[in-house]
file target_35.cif (mmCIF, C-alpha atoms)
data_query
#
loop_
_atom_site.group_PDB
_atom_site.id
_atom_site.type_symbol
_atom_site.label_atom_id
_atom_site.label_comp_id
_atom_site.auth_asym_id
_atom_site.auth_seq_id
_atom_site.Cartn_x
_atom_site.Cartn_y
_atom_site.Cartn_z
ATOM 1 C CA MET N 3 15.502 10.874 -6.372
ATOM 2 C CA ARG N 4 14.997 8.065 -3.852
ATOM 3 C CA LYS N 5 11.512 6.582 -3.674
ATOM 4 C CA THR N 6 11.261 7.618 -0.033
ATOM 5 C CA THR N 7 11.989 11.220 -0.952
ATOM 6 C CA GLN N 8 9.491 11.026 -3.815
ATOM 7 C CA LEU N 9 6.738 9.814 -1.503
ATOM 8 C CA ARG N 10 7.486 12.435 1.122
ATOM 9 C CA SER N 11 7.380 15.173 -1.532
ATOM 10 C CA LEU N 12 4.075 13.896 -2.912
ATOM 11 C CA ILE N 13 2.517 13.863 0.564
ATOM 12 C CA ASN N 14 3.701 17.395 1.279
ATOM 13 C CA ALA N 15 2.622 18.747 -2.097
ATOM 14 C CA LYS N 16 -0.373 21.065 -2.455
ATOM 15 C CA GLU N 17 -2.289 18.550 -4.575
ATOM 16 C CA ILE N 18 -3.718 15.491 -2.819
ATOM 17 C CA LEU N 19 -1.859 12.235 -3.476
ATOM 18 C CA ILE N 20 -4.051 9.508 -4.977
ATOM 19 C CA LEU N 21 -2.906 6.056 -3.849
ATOM 20 C CA PRO N 22 -4.437 3.150 -5.765
ATOM 21 C CA GLY N 23 -4.508 -0.041 -3.745
ATOM 22 C CA ILE N 24 -2.643 -2.913 -5.386
ATOM 23 C CA TYR N 25 -1.983 -6.442 -4.185
ATOM 24 C CA ASP N 26 0.874 -7.875 -6.250
ATOM 25 C CA ALA N 27 3.587 -6.974 -8.744
ATOM 26 C CA LEU N 28 1.252 -7.179 -11.743
ATOM 27 C CA SER N 29 -1.381 -4.856 -10.286
ATOM 28 C CA ALA N 30 1.424 -2.484 -9.279
ATOM 29 C CA ARG N 31 2.723 -2.421 -12.852
ATOM 30 C CA VAL N 32 -0.776 -1.727 -14.186
ATOM 31 C CA ALA N 33 -1.199 1.180 -11.747
ATOM 32 C CA GLN N 34 2.123 2.657 -12.792
ATOM 33 C CA ARG N 35 1.278 2.329 -16.486
ATOM 34 C CA ALA N 36 -1.991 4.162 -15.843
ATOM 35 C CA GLY N 37 0.052 7.126 -14.634
ATOM 36 C CA HIS N 38 -0.180 6.915 -10.838
ATOM 37 C CA LYS N 39 2.688 8.598 -9.025
ATOM 38 C CA ALA N 40 2.628 6.240 -6.026
ATOM 39 C CA ILE N 41 0.828 3.087 -4.902
ATOM 40 C CA THR N 42 -0.241 1.422 -1.680
ATOM 41 C CA ILE N 43 -0.674 -2.182 -0.623
ATOM 42 C CA GLY N 44 -2.775 -3.190 2.371
ATOM 43 C CA GLY N 45 -3.204 -6.369 4.352
ATOM 44 C CA TYR N 46 -6.806 -6.911 3.275
ATOM 45 C CA ALA N 47 -6.083 -7.266 -0.442
ATOM 46 C CA MET N 48 -2.711 -8.904 0.088
ATOM 47 C CA THR N 49 -4.044 -11.590 2.436
ATOM 48 C CA GLY N 50 -6.935 -12.213 0.101
ATOM 49 C CA SER N 51 -4.688 -12.634 -2.936
ATOM 50 C CA LEU N 52 -1.931 -14.659 -1.251
ATOM 51 C CA LEU N 53 -3.965 -16.849 1.105
ATOM 52 C CA ALA N 54 -7.610 -16.413 0.101
ATOM 53 C CA GLU N 55 -8.167 -15.646 3.789
ATOM 54 C CA PRO N 56 -9.552 -12.689 5.772
ATOM 55 C CA ASP N 57 -7.400 -9.777 6.931
ATOM 56 C CA SER N 58 -6.642 -11.127 10.401
ATOM 57 C CA SER N 59 -2.859 -11.025 10.931
ATOM 58 C CA GLN N 60 -2.253 -14.359 9.236
ATOM 59 C CA LEU N 61 0.691 -13.166 7.145
ATOM 60 C CA SER N 62 4.028 -13.083 8.947
ATOM 61 C CA LEU N 63 6.561 -10.263 8.930
ATOM 62 C CA THR N 64 8.896 -12.099 6.563
ATOM 63 C CA GLU N 65 6.080 -13.118 4.196
ATOM 64 C CA MET N 66 4.979 -9.510 3.915
ATOM 65 C CA ALA N 67 8.522 -8.196 3.493
ATOM 66 C CA GLU N 68 9.233 -10.701 0.714
ATOM 67 C CA HIS N 69 6.013 -9.777 -1.069
ATOM 68 C CA TYR N 70 6.747 -6.062 -0.766
ATOM 69 C CA ALA N 71 10.216 -6.632 -2.219
ATOM 70 C CA ARG N 72 8.715 -8.220 -5.323
ATOM 71 C CA VAL N 73 6.207 -5.387 -5.710
ATOM 72 C CA CYS N 74 8.793 -2.640 -5.228
ATOM 73 C CA ALA N 75 11.155 -4.275 -7.724
ATOM 74 C CA ALA N 76 8.429 -4.308 -10.377
ATOM 75 C CA VAL N 77 7.792 -0.555 -10.454
ATOM 76 C CA ASP N 78 9.589 2.771 -10.375
ATOM 77 C CA VAL N 79 6.985 4.578 -8.258
ATOM 78 C CA PRO N 80 7.087 4.659 -4.433
ATOM 79 C CA CYS N 81 4.995 2.218 -2.431
ATOM 80 C CA LEU N 82 3.319 2.875 0.951
ATOM 81 C CA VAL N 83 2.721 -0.434 2.717
ATOM 82 C CA ASP N 84 0.841 -1.992 5.604
ATOM 83 C CA GLY N 85 2.887 -2.851 8.706
ATOM 84 C CA ASP N 86 -0.093 -4.185 10.661
ATOM 85 C CA THR N 87 0.547 -3.818 14.401
ATOM 86 C CA GLY N 88 4.308 -4.009 13.941
ATOM 87 C CA PHE N 89 4.144 -7.710 14.842
ATOM 88 C CA GLY N 90 4.640 -7.158 18.578
ATOM 89 C CA ASN N 91 6.271 -4.655 20.882
ATOM 90 C CA VAL N 92 8.856 -1.964 20.174
ATOM 91 C CA THR N 93 11.523 -4.562 19.446
ATOM 92 C CA ASN N 94 9.345 -6.202 16.805
ATOM 93 C CA VAL N 95 8.461 -2.802 15.349
ATOM 94 C CA ARG N 96 12.155 -2.038 14.971
ATOM 95 C CA ARG N 97 12.714 -5.214 12.985
ATOM 96 C CA THR N 98 9.586 -4.549 10.903
ATOM 97 C CA VAL N 99 10.939 -1.175 9.811
ATOM 98 C CA ARG N 100 14.356 -2.607 8.994
ATOM 99 C CA GLU N 101 12.944 -5.528 6.982
ATOM 100 C CA PHE N 102 10.501 -3.357 5.046
ATOM 101 C CA GLU N 103 13.200 -0.769 4.388
ATOM 102 C CA ARG N 104 15.402 -3.501 2.931
ATOM 103 C CA ALA N 105 12.458 -4.579 0.775
ATOM 104 C CA GLY N 106 12.458 -1.144 -0.849
ATOM 105 C CA VAL N 107 9.256 0.388 0.494
ATOM 106 C CA ALA N 108 8.961 4.172 0.566
ATOM 107 C CA GLY N 109 6.708 4.267 3.606
ATOM 108 C CA LEU N 110 4.824 2.057 6.016
ATOM 109 C CA PHE N 111 2.127 2.365 8.620
ATOM 110 C CA ILE N 112 1.739 0.881 12.069
ATOM 111 C CA GLU N 113 -1.701 0.605 13.666
ATOM 112 C CA ASP N 114 -2.814 0.638 17.284
ATOM 113 C CA GLN N 115 -5.086 -2.399 17.169
ATOM 114 C CA VAL N 116 -4.687 -5.326 19.534
ATOM 115 C CA PHE N 117 -3.076 -8.314 17.840
ATOM 116 C CA PRO N 118 -4.455 -10.166 15.920
ATOM 117 C CA LYS N 119 -5.872 -7.158 14.088
ATOM 118 C CA ARG N 120 -9.059 -7.002 12.028
ATOM 119 C CA CYS N 121 -10.062 -5.036 8.976
ATOM 120 C CA GLY N 122 -10.840 -1.504 10.128
ATOM 121 C CA HIS N 123 -14.357 -1.665 8.691
ATOM 122 C CA THR N 124 -15.387 -4.858 10.504
ATOM 123 C CA PRO N 125 -16.597 -5.237 14.115
ATOM 124 C CA GLY N 126 -14.788 -6.778 17.060
ATOM 125 C CA LYS N 127 -11.671 -4.595 17.132
ATOM 126 C CA ASP N 128 -9.805 -3.302 20.148
ATOM 127 C CA VAL N 129 -6.874 -0.916 20.552
ATOM 128 C CA ILE N 130 -3.801 -0.965 22.733
ATOM 129 C CA PRO N 131 -3.091 1.716 25.379
ATOM 130 C CA ILE N 132 -1.942 5.042 23.974
ATOM 131 C CA VAL N 133 1.437 4.843 25.707
ATOM 132 C CA ASP N 134 2.203 1.523 24.034
ATOM 133 C CA MET N 135 1.427 2.887 20.589
ATOM 134 C CA VAL N 136 3.415 6.068 21.173
ATOM 135 C CA ALA N 137 6.387 3.860 22.049
ATOM 136 C CA LYS N 138 5.895 1.889 18.830
ATOM 137 C CA ILE N 139 5.927 5.042 16.708
ATOM 138 C CA GLU N 140 9.037 6.304 18.473
ATOM 139 C CA ALA N 141 10.699 2.943 17.867
ATOM 140 C CA ALA N 142 9.726 2.986 14.180
ATOM 141 C CA VAL N 143 11.123 6.486 13.684
ATOM 142 C CA ASP N 144 14.332 5.565 15.484
ATOM 143 C CA ALA N 145 14.779 2.339 13.483
ATOM 144 C CA ARG N 146 14.791 3.780 9.964
ATOM 145 C CA HIS N 147 18.130 4.236 8.228
ATOM 146 C CA ASP N 148 16.690 6.538 5.568
ATOM 147 C CA GLN N 149 15.249 9.579 7.306
ATOM 148 C CA ASP N 150 12.899 10.163 4.367
ATOM 149 C CA LEU N 151 11.179 6.800 4.916
ATOM 150 C CA VAL N 152 7.582 7.790 5.682
ATOM 151 C CA ILE N 153 6.181 6.483 8.959
ATOM 152 C CA MET N 154 2.387 6.650 9.103
ATOM 153 C CA ALA N 155 0.472 6.082 12.333
ATOM 154 C CA ARG N 156 -2.985 4.551 12.113
ATOM 155 C CA THR N 157 -5.593 4.535 14.855
ATOM 156 C CA ASP N 158 -8.754 2.443 14.946
ATOM 157 C CA ALA N 159 -9.972 4.094 18.145
ATOM 158 C CA ILE N 160 -13.170 5.581 16.662
ATOM 159 C CA ALA N 161 -14.975 2.239 16.800
ATOM 160 C CA ILE N 162 -13.989 1.617 20.429
ATOM 161 C CA HIS N 163 -13.559 4.966 22.178
ATOM 162 C CA GLY N 164 -15.052 7.504 19.762
ATOM 163 C CA LEU N 165 -13.753 10.305 17.595
ATOM 164 C CA ASP N 166 -12.402 12.488 20.425
ATOM 165 C CA ASN N 167 -10.103 9.714 21.575
ATOM 166 C CA ALA N 168 -9.023 8.965 18.003
ATOM 167 C CA ILE N 169 -8.055 12.597 17.426
ATOM 168 C CA GLU N 170 -6.214 12.710 20.744
ATOM 169 C CA ARG N 171 -4.284 9.603 19.758
ATOM 170 C CA ALA N 172 -3.449 10.966 16.306
ATOM 171 C CA ASN N 173 -2.008 14.154 17.769
ATOM 172 C CA LEU N 174 0.118 12.194 20.223
ATOM 173 C CA TYR N 175 1.337 9.905 17.466
ATOM 174 C CA ARG N 176 2.363 12.983 15.515
ATOM 175 C CA GLU N 177 4.306 14.250 18.530
ATOM 176 C CA ALA N 178 6.011 10.856 18.682
ATOM 177 C CA GLY N 179 7.347 11.451 15.167
ATOM 178 C CA ALA N 180 4.769 10.098 12.696
ATOM 179 C CA ASP N 181 5.001 11.785 9.305
ATOM 180 C CA LEU N 182 1.469 10.934 8.207
ATOM 181 C CA LEU N 183 -1.696 10.208 10.208
ATOM 182 C CA PHE N 184 -4.501 7.798 9.439
ATOM 183 C CA ILE N 185 -7.698 7.843 11.513
ATOM 184 C CA GLU N 186 -9.643 4.827 10.314
ATOM 185 C CA ALA N 187 -13.372 4.623 9.584
ATOM 186 C CA PRO N 188 -14.915 8.051 10.274
ATOM 187 C CA ARG N 189 -18.655 7.763 9.643
ATOM 188 C CA SER N 190 -19.492 11.180 8.200
ATOM 189 C CA VAL N 191 -18.091 14.122 6.289
ATOM 190 C CA GLU N 192 -18.427 16.202 9.451
ATOM 191 C CA ASP N 193 -16.185 13.736 11.298
ATOM 192 C CA MET N 194 -13.670 13.949 8.477
ATOM 193 C CA LYS N 195 -13.684 17.742 8.693
ATOM 194 C CA ARG N 196 -13.038 17.514 12.440
ATOM 195 C CA ILE N 197 -10.117 15.178 11.879
ATOM 196 C CA CYS N 198 -8.395 17.565 9.475
ATOM 197 C CA ARG N 199 -9.206 20.584 11.641
ATOM 198 C CA GLU N 200 -8.281 19.204 15.066
ATOM 199 C CA ALA N 201 -5.283 17.134 13.984
ATOM 200 C CA PRO N 202 -3.876 19.653 11.480
ATOM 201 C CA PHE N 203 -1.071 17.535 10.117
ATOM 202 C CA PRO N 204 -0.789 15.436 6.941
ATOM 203 C CA GLN N 205 -3.755 13.065 7.009
ATOM 204 C CA LEU N 206 -4.651 10.071 4.860
ATOM 205 C CA ALA N 207 -8.258 9.271 3.946
ATOM 206 C CA ASN N 208 -9.120 5.615 3.441
ATOM 207 C CA MET N 209 -11.742 5.122 0.731
ATOM 208 C CA ILE N 210 -12.939 1.564 1.335
ATOM 209 C CA SER N 211 -15.396 0.458 -1.336
ATOM 210 C CA PHE N 212 -18.665 -0.465 0.429
ATOM 211 C CA GLY N 213 -17.098 0.583 3.746
ATOM 212 C CA LEU N 214 -18.191 2.763 6.667
ATOM 213 C CA THR N 215 -16.623 6.028 5.500
ATOM 214 C CA PRO N 216 -18.374 8.202 2.889
ATOM 215 C CA GLU N 217 -16.768 7.688 -0.507
ATOM 216 C CA LEU N 218 -15.633 11.087 -1.749
ATOM 217 C CA THR N 219 -13.635 12.153 -4.767
ATOM 218 C CA ALA N 220 -9.990 13.158 -4.524
ATOM 219 C CA PRO N 221 -10.807 16.881 -5.024
ATOM 220 C CA GLU N 222 -13.460 16.694 -2.307
ATOM 221 C CA LEU N 223 -10.989 15.091 0.099
ATOM 222 C CA GLN N 224 -8.401 17.712 -0.748
ATOM 223 C CA ASP N 225 -10.909 20.440 0.050
ATOM 224 C CA LEU N 226 -11.471 18.826 3.463
ATOM 225 C CA GLY N 227 -7.743 19.039 4.134
ATOM 226 C CA TYR N 228 -6.437 15.551 3.406
ATOM 227 C CA ALA N 229 -2.910 15.186 2.058
ATOM 228 C CA ALA N 230 -3.389 11.703 0.619
ATOM 229 C CA ALA N 231 -6.169 9.255 -0.089
ATOM 230 C CA ALA N 232 -6.073 5.501 -0.624
ATOM 231 C CA TRP N 233 -8.461 3.213 -2.477
ATOM 232 C CA PRO N 234 -7.049 -0.036 -1.033
ATOM 233 C CA VAL N 235 -9.570 -2.686 -2.078
ATOM 234 C CA ALA N 236 -11.181 -1.413 -5.298
ATOM 235 C CA SER N 237 -8.731 -3.229 -7.571
ATOM 236 C CA ILE N 238 -9.029 -6.630 -5.939
ATOM 237 C CA PHE N 239 -12.825 -6.313 -5.798
ATOM 238 C CA ALA N 240 -12.883 -5.481 -9.522
ATOM 239 C CA VAL N 241 -10.518 -8.300 -10.475
ATOM 240 C CA THR N 242 -12.472 -10.797 -8.378
ATOM 241 C CA ARG N 243 -15.729 -9.882 -10.144
ATOM 242 C CA THR N 244 -14.054 -10.123 -13.568
ATOM 243 C CA LEU N 245 -12.644 -13.551 -12.724
ATOM 244 C CA GLU N 246 -16.028 -14.754 -11.480
ATOM 245 C CA LYS N 247 -17.611 -13.792 -14.792
ATOM 246 C CA LEU N 248 -14.814 -15.386 -16.800
ATOM 247 C CA MET N 249 -14.860 -18.672 -14.873
ATOM 248 C CA SER N 250 -18.632 -18.870 -15.104
ATOM 249 C CA ARG N 251 -18.554 -18.238 -18.845
ATOM 250 C CA LEU N 252 -15.894 -20.903 -19.380
ATOM 251 C CA LEU N 253 -17.955 -23.431 -17.424
ATOM 252 C CA THR N 254 -21.261 -22.695 -19.147
ATOM 253 C CA GLU N 255 -20.023 -21.988 -22.691
ATOM 254 C CA GLY N 256 -16.861 -24.061 -22.786
ATOM 255 C CA LYS N 257 -14.868 -21.142 -24.182
ATOM 256 C CA THR N 258 -13.599 -17.661 -23.307
ATOM 257 C CA ALA N 259 -13.779 -16.124 -26.778
ATOM 258 C CA GLY N 260 -16.835 -14.067 -25.845
ATOM 259 C CA ALA N 261 -14.898 -12.369 -23.048
ATOM 260 C CA LYS N 262 -12.053 -11.058 -25.186
ATOM 261 C CA GLU N 263 -13.322 -7.489 -25.008
ATOM 262 C CA GLU N 264 -12.660 -7.648 -21.242
ATOM 263 C CA MET N 265 -9.094 -8.937 -21.691
ATOM 264 C CA VAL N 266 -5.787 -7.482 -22.738
ATOM 265 C CA SER N 267 -4.321 -9.174 -25.790
ATOM 266 C CA PHE N 268 -1.363 -11.564 -25.721
ATOM 267 C CA ASP N 269 0.890 -8.882 -27.215
ATOM 268 C CA GLU N 270 -0.352 -6.224 -24.804
ATOM 269 C CA PHE N 271 0.380 -8.463 -21.824
ATOM 270 C CA THR N 272 3.888 -9.420 -22.970
ATOM 271 C CA THR N 273 4.625 -5.735 -23.593
ATOM 272 C CA LEU N 274 3.412 -4.862 -20.094
ATOM 273 C CA MET N 275 5.683 -7.575 -18.709
ATOM 274 C CA GLY N 276 8.644 -6.016 -20.539
ATOM 275 C CA LEU N 277 9.394 -8.838 -22.969
ATOM 276 C CA PRO N 278 10.714 -6.558 -25.764
ATOM 277 C CA GLN N 279 13.165 -4.922 -23.340
ATOM 278 C CA LEU N 280 14.191 -8.324 -21.987
ATOM 279 C CA ARG N 281 14.969 -9.601 -25.499
ATOM 280 C CA ASP N 282 16.935 -6.421 -26.296
ATOM 281 C CA ARG N 283 18.934 -6.846 -23.093
ATOM 282 C CA GLU N 284 19.680 -10.493 -23.880
ATOM 283 C CA GLN N 285 20.841 -9.579 -27.383
ATOM 284 C CA HIS N 286 23.026 -6.765 -26.036
ATOM 285 C CA PHE N 287 24.988 -9.137 -23.831
ATOM 286 C CA LEU N 288 25.185 -11.799 -26.541
ATOM 287 C CA ASP N 289 26.539 -9.218 -28.997
ATOM 288 C CA ALA N 290 29.067 -7.990 -26.435
ATOM 289 C CA ALA N 291 30.160 -11.560 -25.708
ATOM 290 C CA SER N 292 30.488 -12.352 -29.413
ATOM 291 C CA ALA N 293 32.639 -9.268 -29.946
ATOM 292 C CA LEU N 294 34.900 -10.235 -27.040
ATOM 293 C CA VAL N 295 35.315 -13.798 -28.299
ATOM 294 C CA ALA N 296 36.033 -12.572 -31.855
ATOM 295 C CA LYS N 297 38.632 -10.120 -30.552
ATOM 296 C CA ASP N 298 40.316 -12.866 -28.563
ATOM 297 C CA ALA N 299 40.342 -15.203 -31.567
ATOM 298 C CA ALA N 300 41.987 -12.546 -33.738
ATOM 299 C CA ARG N 301 44.966 -12.165 -31.420
#
call {"tool": "encode", "arguments": {"input": "target_35.cif", "output": "structure tokens"}}
result
Amino acid sequence: MRKTTQLRSLINAKEILILPGIYDALSARVAQRAGHKAITIGGYAMTGSLLAEPDSSQLSLTEMAEHYARVCAAVDVPCLVDGDTGFGNVTNVRRTVREFERAGVAGLFIEDQVFPKRCGHTPGKDVIPIVDMVAKIEAAVDARHDQDLVIMARTDAIAIHGLDNAIERANLYREAGADLLFIEAPRSVEDMKRICREAPFPQLANMISFGLTPELTAPELQDLGYAAAAWPVASIFAVTRTLEKLMSRLLTEGKTAGAKEEMVSFDEFTTLMGLPQLRDREQHFLDAASALVAKDAAR
């Protein structure tokens, strides 16, 4: 089954889809090994890991597409990715979809913020006119070669125009062809209930650690009516804290031996990277080549 079809099936399933946020190929592999059925990668964690910069539209379309290609090649599970604002107008959105599709993503989302965008849980955002965003969603849907590629529409309108406007936008984006909706940064459980009730289509909940939205469990979000939920920054926050502790310990103690309980072992890491399979594959081709040469010499 294609990854796009897998993701679409998971979104439409009765059970809520848990999407761990990853930021590179290694974190994607770890999420897959833990048993997750799909993963997501957002601009906040990706920009932080690649540039050590804030999530403010600093990564280009091609940089993001290349990074997504590496992530998608590292795992067998489908990946839902961040398409920012689509990098421009409908023409740019069309190219964004085509480039990300070539990279192997199973789905992507476009947001209605004014470029350059900001993290949805920080102040100073603005959104484009509804008609412009509707056109972007229509362009995204039209651009995909694989009709199972999931197009998610995100709106950040709550912070600027309020919840009513955000729900209105979400419904219009659905009419434009979006497969999944994402209303960013609701401030209460009651607002989340309204979103699922008044825009009764597949919705994604964004569980930002230390963010504006109440942090609920996956079963609680499913009970509210959400089809999927993402935890986009938890992994990079956790890794950053672990690295801070490790670097501090190395500086103060001159060694890392005391931190071994917080590390995977050398053998565990090489196994995760697939070294045994790589060596088996190398030997297979060497054996096949040796057999061919021996057969030729015997003629």
call {"tool": "residues_around", "arguments": {"input": "target_35.cif", "residues": "Phe212 (chain N)", "least_positions_apart": "6", "cutoff": "10 Å", "atoms": "all atoms listed in the file", "output": "ChimeraX atom specification"}}
result
/N:123,235-236
call {"tool": "closest_residue", "arguments": {"input": "target_35.cif", "among": "N:Gly164, N:Gly37, N:Pro125, N:Gly45", "to": "Gly23 (chain N)", "atoms": "only C-alpha atoms"}}
result
N:Gly45
call {"tool": "closest_atom_pairs", "arguments": {"input": "target_35.cif", "of": "region 92-178 of chain N", "to": "region 72-85 of chain N", "cutoff": "9 Å", "atoms": "only C-alpha atoms", "output": "Markdown table"}}
result
| residue | atom | partner | partner_atom | distance |
| --- | --- | --- | --- | --- |
| N:Val95 | CA | N:Gly85 | CA | 8.7 |
| N:Thr98 | CA | N:Gly85 | CA | 7.3 |
| N:Val99 | CA | N:Gly85 | CA | 8.3 |
| N:Phe102 | CA | N:Gly85 | CA | 8.5 |
| N:Ala105 | CA | N:Cys74 | CA | 7.3 |
| N:Gly106 | CA | N:Cys74 | CA | 5.9 |
| N:Val107 | CA | N:Cys81 | CA | 5.5 |
| N:Ala108 | CA | N:Cys81 | CA | 5.3 |
| N:Gly109 | CA | N:Leu82 | CA | 4.5 |
| N:Leu110 | CA | N:Val83 | CA | 4.6 |
| N:Phe111 | CA | N:Gly85 | CA | 5.3 |
| N:Ile112 | CA | N:Gly85 | CA | 5.2 |
| N:Glu113 | CA | N:Gly85 | CA | 7.6 |
| N:Val152 | CA | N:Leu82 | CA | 8.0 |
call {"tool": "resolve_selection", "arguments": {"input": "target_35.cif", "expression": "the PyMOL selection byres ((chain N and resi 197) around 9)", "output": "PyMOL selection string"}}
result
chain N and resi 165+168-169+185+188+192-196+198-202+205+227
call {"tool": "atom_distance", "arguments": {"input": "target_35.cif", "atom1": "CA of Asp166 (chain N)", "atom2": "CA of Glu222 (chain N)"}}
result
23.1 Å
call {"tool": "residues_around", "arguments": {"input": "target_35.cif", "residues": "Gly213 (chain N)", "least_positions_apart": "4", "cutoff": "12 Å", "atoms": "all atoms listed in the file", "output": "number ranges by chain"}}
result
N: 121-125, 186-190, 208-209, 217-218, 233-236
call {"tool": "residues_near_point", "arguments": {"input": "target_35.cif", "point": "(-7.0, -7.0, 12.7)", "cutoff": "10 Å", "atoms": "all atoms listed in the file", "output": "ChimeraX atom specification"}}
result
/N:45-46,56-60,86-87,113-129,158
call {"tool": "closest_atom_pairs", "arguments": {"input": "target_35.cif", "of": "region 169-235 of chain N", "to": "region 139-147 of chain N", "cutoff": "12 Å", "atoms": "all atoms listed in the file", "output": "JSON lines"}}
result
{"residue": "N:Arg171", "atom": "CA", "partner": "N:Ile139", "partner_atom": "CA", "distance": 11.6}
{"residue": "N:Ala172", "atom": "CA", "partner": "N:Ile139", "partner_atom": "CA", "distance": 11.1}
{"residue": "N:Leu174", "atom": "CA", "partner": "N:Ile139", "partner_atom": "CA", "distance": 9.9}
{"residue": "N:Tyr175", "atom": "CA", "partner": "N:Ile139", "partner_atom": "CA", "distance": 6.7}
{"residue": "N:Arg176", "atom": "CA", "partner": "N:Ile139", "partner_atom": "CA", "distance": 8.8}
{"residue": "N:Glu177", "atom": "CA", "partner": "N:Glu140", "partner_atom": "CA", "distance": 9.2}
{"residue": "N:Ala178", "atom": "CA", "partner": "N:Glu140", "partner_atom": "CA", "distance": 5.5}
{"residue": "N:Gly179", "atom": "CA", "partner": "N:Glu140", "partner_atom": "CA", "distance": 6.3}
{"residue": "N:Ala180", "atom": "CA", "partner": "N:Ile139", "partner_atom": "CA", "distance": 6.6}
{"residue": "N:Asp181", "atom": "CA", "partner": "N:Val143", "partner_atom": "CA", "distance": 9.2}
{"residue": "N:Leu182", "atom": "CA", "partner": "N:Ile139", "partner_atom": "CA", "distance": 11.3}
{"residue": "N:Leu183", "atom": "CA", "partner": "N:Ile139", "partner_atom": "CA", "distance": 11.3}
call {"tool": "residues_around", "arguments": {"input": "target_35.cif", "residues": "Ile20 (chain N)", "least_positions_apart": "6", "cutoff": "8 Å", "atoms": "all atoms listed in the file", "output": "list of chain:residue names"}}
result
N:His38, N:Lys39, N:Ala40, N:Ala220, N:Ala230, N:Ala231, N:Ala232
call {"tool": "residues_around", "arguments": {"input": "target_35.cif", "residues": "Thr7 (chain N)", "least_positions_apart": "2", "cutoff": "10 Å", "atoms": "all atoms listed in the file", "output": "VMD selection string"}}
result
chain N and resid 3 to 5 9 to 13 80 108 to 109 148 to 152
call {"tool": "atom_distance", "arguments": {"input": "target_35.cif", "atom1": "CA of Thr49 (chain N)", "atom2": "CA of Pro22 (chain N)"}}
result
16.9 Å
call {"tool": "atom_distance", "arguments": {"input": "target_35.cif", "atom1": "CA of Glu101 (chain N)", "atom2": "CA of Ala229 (chain N)"}}
result
26.5 Å
